[in-house]
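Novice: Got a structure for you, questions after.
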Amino acid sequence: MRRHSLVAGLLTVAVPLVGAAASAAPPDSDAAADEALRSFEAFADDEGIEIESPTCAEAGDPETFVCYALTTDGVPFVAQASLADDEVEWQVLSGPQPAPDETAGPESSAPATSVPAAPSEPDGSVTDDSVTDDSVTDDSVTEEPDSLSFFHGVFSADPEQTAAAIELTQPGSPAEAYARFQNLFVTVAAEYGVEISAGSVFLTTDAVRVCVTASECSEISDIEVADGQVVSFAVDGNQIGGRLATMGETVVAATTAFRLAVAYQTVTGEQLAAYVELASEQGDVIDLQTAVYVGADGSQIPVAVGRSLGLDTTKLKGNQMAYLAFPGAAPGGEIHVTVTPADGSPAVVAVIPVDAIAP
């Protein structure tokens, strides 16, 4: 079986289409995507690469697909397919290192660094065809695995991997807040028995694509990386900075303490998803089901009970993390929660600021 090198970041191989009917399928049809996936699996097998969870998606051109998988060693294997006539032309964008040639002498062995250049500009570019052996530097080799590993972790639906992704971000950055949000998203969901599906993350020619299903995908672009740490990025063209609110000050109402852990104005759902920490030892009646979000413009949005988790805190004793969803809301306002003290005194309102972090 042939082994390939990624010294220049790209390898072009033409292979026959797996099915004869593939070239007759409409270029934007599901059949073309299915054919690209089958050909990708065959291509990986021909290269001697064992892969898991392969997926393919159209890359701007109805006859061009970018396919992604993880090897059994956990290394991303990404390749671009160009469908034409009765064959597929493959360009490997990222993949495992070639196996050493035991028959070759030291001078002819493959270079130790063969990772394509990482995105260094805020336009989200992920490959650079102009990169050669002489132009690859230590910085360009180390930044890409950090940023790509970040997105793998963030969309893994695994608490440990999302927690590890936080360590790949610049402290205090929008990317750090986003990773903390995703970590709480999967952690709290697991606590309440809600199953979250992992997203498939792979490179396209000018962005990172995340797909929950084959037809539900988002584009990650404008990736900013500094010193090997992810700083910020855009989701479907929306910068995450102004859509996030990070941990706030503790607010006490009666004997109950509240603190915003993180909040994010989701791009796909267009709602403010807020995680609020609660702590109470006296059994105050906390009415999260009537919580209201007061926007910066004075608008009032009631919590969407059916979309939220952990609202049943009528007489909390201990600590709890609640997830509150406010449709159409954005950071910059306040969450108002009614609390009736355990001693029977009049109800009070906890006002929890949701301050947007700097873009």
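Residue names in the structure tokens use chain letters A, B, ... in the order shown, residue numbers from 1 in each chain, and ligand numbers from 1 in the order shown.
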Quick one: residues within 12 Å of Ala165 in chain A, only C-alpha atoms counted, chain neighbours fewer than 6 positions away excluded, as a ChimeraX atom specification?

Specialist: /A:145-159,171,175-183,229-230

Novice: Extract, using only C-alpha atoms, all DNA, RNA and protein residues at most 9 Å from Asp284 in chain A, discarding same-chain residues fewer than 6 positions from it, and format them as a list in words.

Specialist: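 So, after excluding close chain neighbours, the residues are Ala254, Thr255, Thr256, Thr314, Lys315, Leu316, Lys317, Val339, Thr340, Pro341, Ala342 and Asp343 of chain A.
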
Novice: Could you write out that same residue set with N, CA and C atoms as an mmCIF file, in the first residue's frame?

Specialist:
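The new file result11.cif reads:
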data_model
loop_
_atom_site.group_PDB
_atom_site.id
_atom_site.type_symbol
_atom_site.label_atom_id
_atom_site.label_comp_id
_atom_site.auth_asym_id
_atom_site.auth_seq_id
_atom_site.Cartn_x
_atom_site.Cartn_y
_atom_site.Cartn_z
ATOM 1 N N ALA A 254 -31.882 37.448 49.577
ATOM 2 C CA ALA A 254 -32.234 36.682 50.775
ATOM 3 C C ALA A 254 -30.971 35.962 51.234
ATOM 4 N N THR A 255 -30.997 34.630 51.278
ATOM 5 C CA THR A 255 -29.779 33.895 51.657
ATOM 6 C C THR A 255 -29.227 33.085 50.495
ATOM 7 N N THR A 256 -29.654 33.397 49.282
ATOM 8 C CA THR A 256 -29.225 32.654 48.099
ATOM 9 C C THR A 256 -28.235 33.479 47.281
ATOM 10 N N THR A 314 -37.137 24.957 43.735
ATOM 11 C CA THR A 314 -38.091 25.621 44.623
ATOM 12 C C THR A 314 -37.532 25.870 46.020
ATOM 13 N N LYS A 315 -36.883 24.876 46.612
ATOM 14 C CA LYS A 315 -36.281 25.055 47.938
ATOM 15 C C LYS A 315 -34.893 24.426 47.922
ATOM 16 N N LEU A 316 -33.982 25.156 47.286
ATOM 17 C CA LEU A 316 -32.631 24.639 47.108
ATOM 18 C C LEU A 316 -31.844 24.672 48.413
ATOM 19 N N LYS A 317 -31.181 23.555 48.717
ATOM 20 C CA LYS A 317 -30.206 23.504 49.804
ATOM 21 C C LYS A 317 -28.932 22.889 49.239
ATOM 22 N N VAL A 339 -37.023 35.582 44.549
ATOM 23 C CA VAL A 339 -36.623 34.713 45.660
ATOM 24 C C VAL A 339 -37.493 35.035 46.875
ATOM 25 N N THR A 340 -38.122 34.012 47.448
ATOM 26 C CA THR A 340 -38.890 34.175 48.677
ATOM 27 C C THR A 340 -38.085 33.580 49.827
ATOM 28 N N PRO A 341 -37.684 34.406 50.782
ATOM 29 C CA PRO A 341 -36.839 33.904 51.876
ATOM 30 C C PRO A 341 -37.501 32.784 52.663
ATOM 31 N N ALA A 342 -36.678 31.893 53.175
ATOM 32 C CA ALA A 342 -37.185 30.756 53.944
ATOM 33 C C ALA A 342 -37.840 31.191 55.242
ATOM 34 N N ASP A 343 -37.492 32.384 55.744
ATOM 35 C CA ASP A 343 -38.081 32.832 57.016
ATOM 36 C C ASP A 343 -39.451 33.457 56.850
#

Novice: Write out as a list of chain:residue names the residues lying within 7 Å of Leu288 in chain A, counting only C-alpha atoms and excluding same-chain residues fewer than 2 positions away.

Specialist: A:Ile286, A:Thr290, A:Ala291, A:Leu311, A:Val337

Novice: For a test of reading the model, state the distance in Å between CA of Gly306 in chain A and CA of Asn238 in chain A, rounded to one decimal.

Specialist: 26.4 Å

Novice: With distances taken over only C-alpha atoms, which residue among A:Thr169, A:Phe258, A:Ala245, A:Gly74 lies nearest Asp227 in chain A?

Specialist: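 Among the listed residues, the smallest separation from Asp227 in chain A belongs to A:Thr169.
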
Novice: Mind giving me the straight-line distance from CA of Ser221 in chain A to CA of Ile357 in chain A in Å, one decimal?

Specialist: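 Atom-to-atom, CA of Ser221 in chain A to CA of Ile357 in chain A, that is 19.5 Å.
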
Novice: Write down as a PDB file with N, CA and C atoms, in the first residue's frame the residues belonging to range 192-325 of chain A that are assigned helix (DSSP H, G or I) by DSSP computed on the backbone.

Specialist:
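Written file, states-v9.pdb:
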ATOM      1  N   GLY A 241     -17.043  37.428  19.981  1.00  0.00           N
ATOM      2  CA  GLY A 241     -16.723  38.319  21.089  1.00  0.00           C
ATOM      3  C   GLY A 241     -17.934  39.020  21.688  1.00  0.00           C
ATOM      4  N   GLY A 242     -18.674  39.740  20.892  1.00  0.00           N
ATOM      5  CA  GLY A 242     -19.817  40.490  21.392  1.00  0.00           C
ATOM      6  C   GLY A 242     -21.018  39.653  21.746  1.00  0.00           C
ATOM      7  N   ARG A 243     -20.950  38.350  21.475  1.00  0.00           N
ATOM      8  CA  ARG A 243     -22.078  37.459  21.753  1.00  0.00           C
ATOM      9  C   ARG A 243     -21.903  36.694  23.064  1.00  0.00           C
ATOM     10  N   VAL A 305     -38.995  27.963  29.358  1.00  0.00           N
ATOM     11  CA  VAL A 305     -38.920  26.835  30.289  1.00  0.00           C
ATOM     12  C   VAL A 305     -38.598  25.535  29.569  1.00  0.00           C
ATOM     13  N   GLY A 306     -39.226  25.304  28.423  1.00  0.00           N
ATOM     14  CA  GLY A 306     -39.029  24.056  27.703  1.00  0.00           C
ATOM     15  C   GLY A 306     -37.633  23.890  27.132  1.00  0.00           C
ATOM     16  N   ARG A 307     -36.878  24.971  26.998  1.00  0.00           N
ATOM     17  CA  ARG A 307     -35.526  24.899  26.458  1.00  0.00           C
ATOM     18  C   ARG A 307     -34.460  24.921  27.547  1.00  0.00           C
TER      19      ARG A 307
END

Novice: Between A:Gly199, A:Gly48, A:Gly95, A:Gly172, which residue has the minimum interatomic distance to Ser232 in chain A, considering only C-alpha atoms?

Specialist: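 Under the stated criterion, the closest residue is A:Gly172.
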
Novice: Quote the spacing between CA of Ala42 in chain A and CA of Glu216 in chain A in Å to one decimal place.

Specialist: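 Computing it gives 25.0 Å between the two atoms.
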
Novice: Do a neighbour search on Ile51 in chain A at 7 Å with only C-alpha atoms, toss out local chain neighbours closer than 6 positions, and write the hits as a ChimeraX atom specification.

Specialist: /A:69-72

Novice: Okay, now the selection with N, CA and C atoms, as a PDB file, in the first residue's frame?

Specialist:
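Written file, out.pdb:
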ATOM      1  N   ALA A  69     -11.898  12.740   8.669  1.00  0.00           N
ATOM      2  CA  ALA A  69     -12.034  11.576   9.551  1.00  0.00           C
ATOM      3  C   ALA A  69     -10.901  11.630  10.567  1.00  0.00           C
ATOM      4  N   LEU A  70     -11.039  10.848  11.605  1.00  0.00           N
ATOM      5  CA  LEU A  70      -9.942  10.650  12.547  1.00  0.00           C
ATOM      6  C   LEU A  70      -9.341   9.273  12.291  1.00  0.00           C
ATOM      7  N   THR A  71      -8.022   9.181  12.359  1.00  0.00           N
ATOM      8  CA  THR A  71      -7.404   7.874  12.265  1.00  0.00           C
ATOM      9  C   THR A  71      -7.621   7.141  13.585  1.00  0.00           C
ATOM     10  N   THR A  72      -7.325   5.865  13.613  1.00  0.00           N
ATOM     11  CA  THR A  72      -7.484   5.101  14.853  1.00  0.00           C
ATOM     12  C   THR A  72      -6.521   5.580  15.932  1.00  0.00           C
TER      13      THR A  72
END

Novice: Could you give me the residues within range 151-268 of chain A that DSSP places in strand (DSSP E), as a ChimeraX atom specification?

Specialist: /A:200-203,208-213,216-226,229-235,238-239,244-245,251-253,256-265
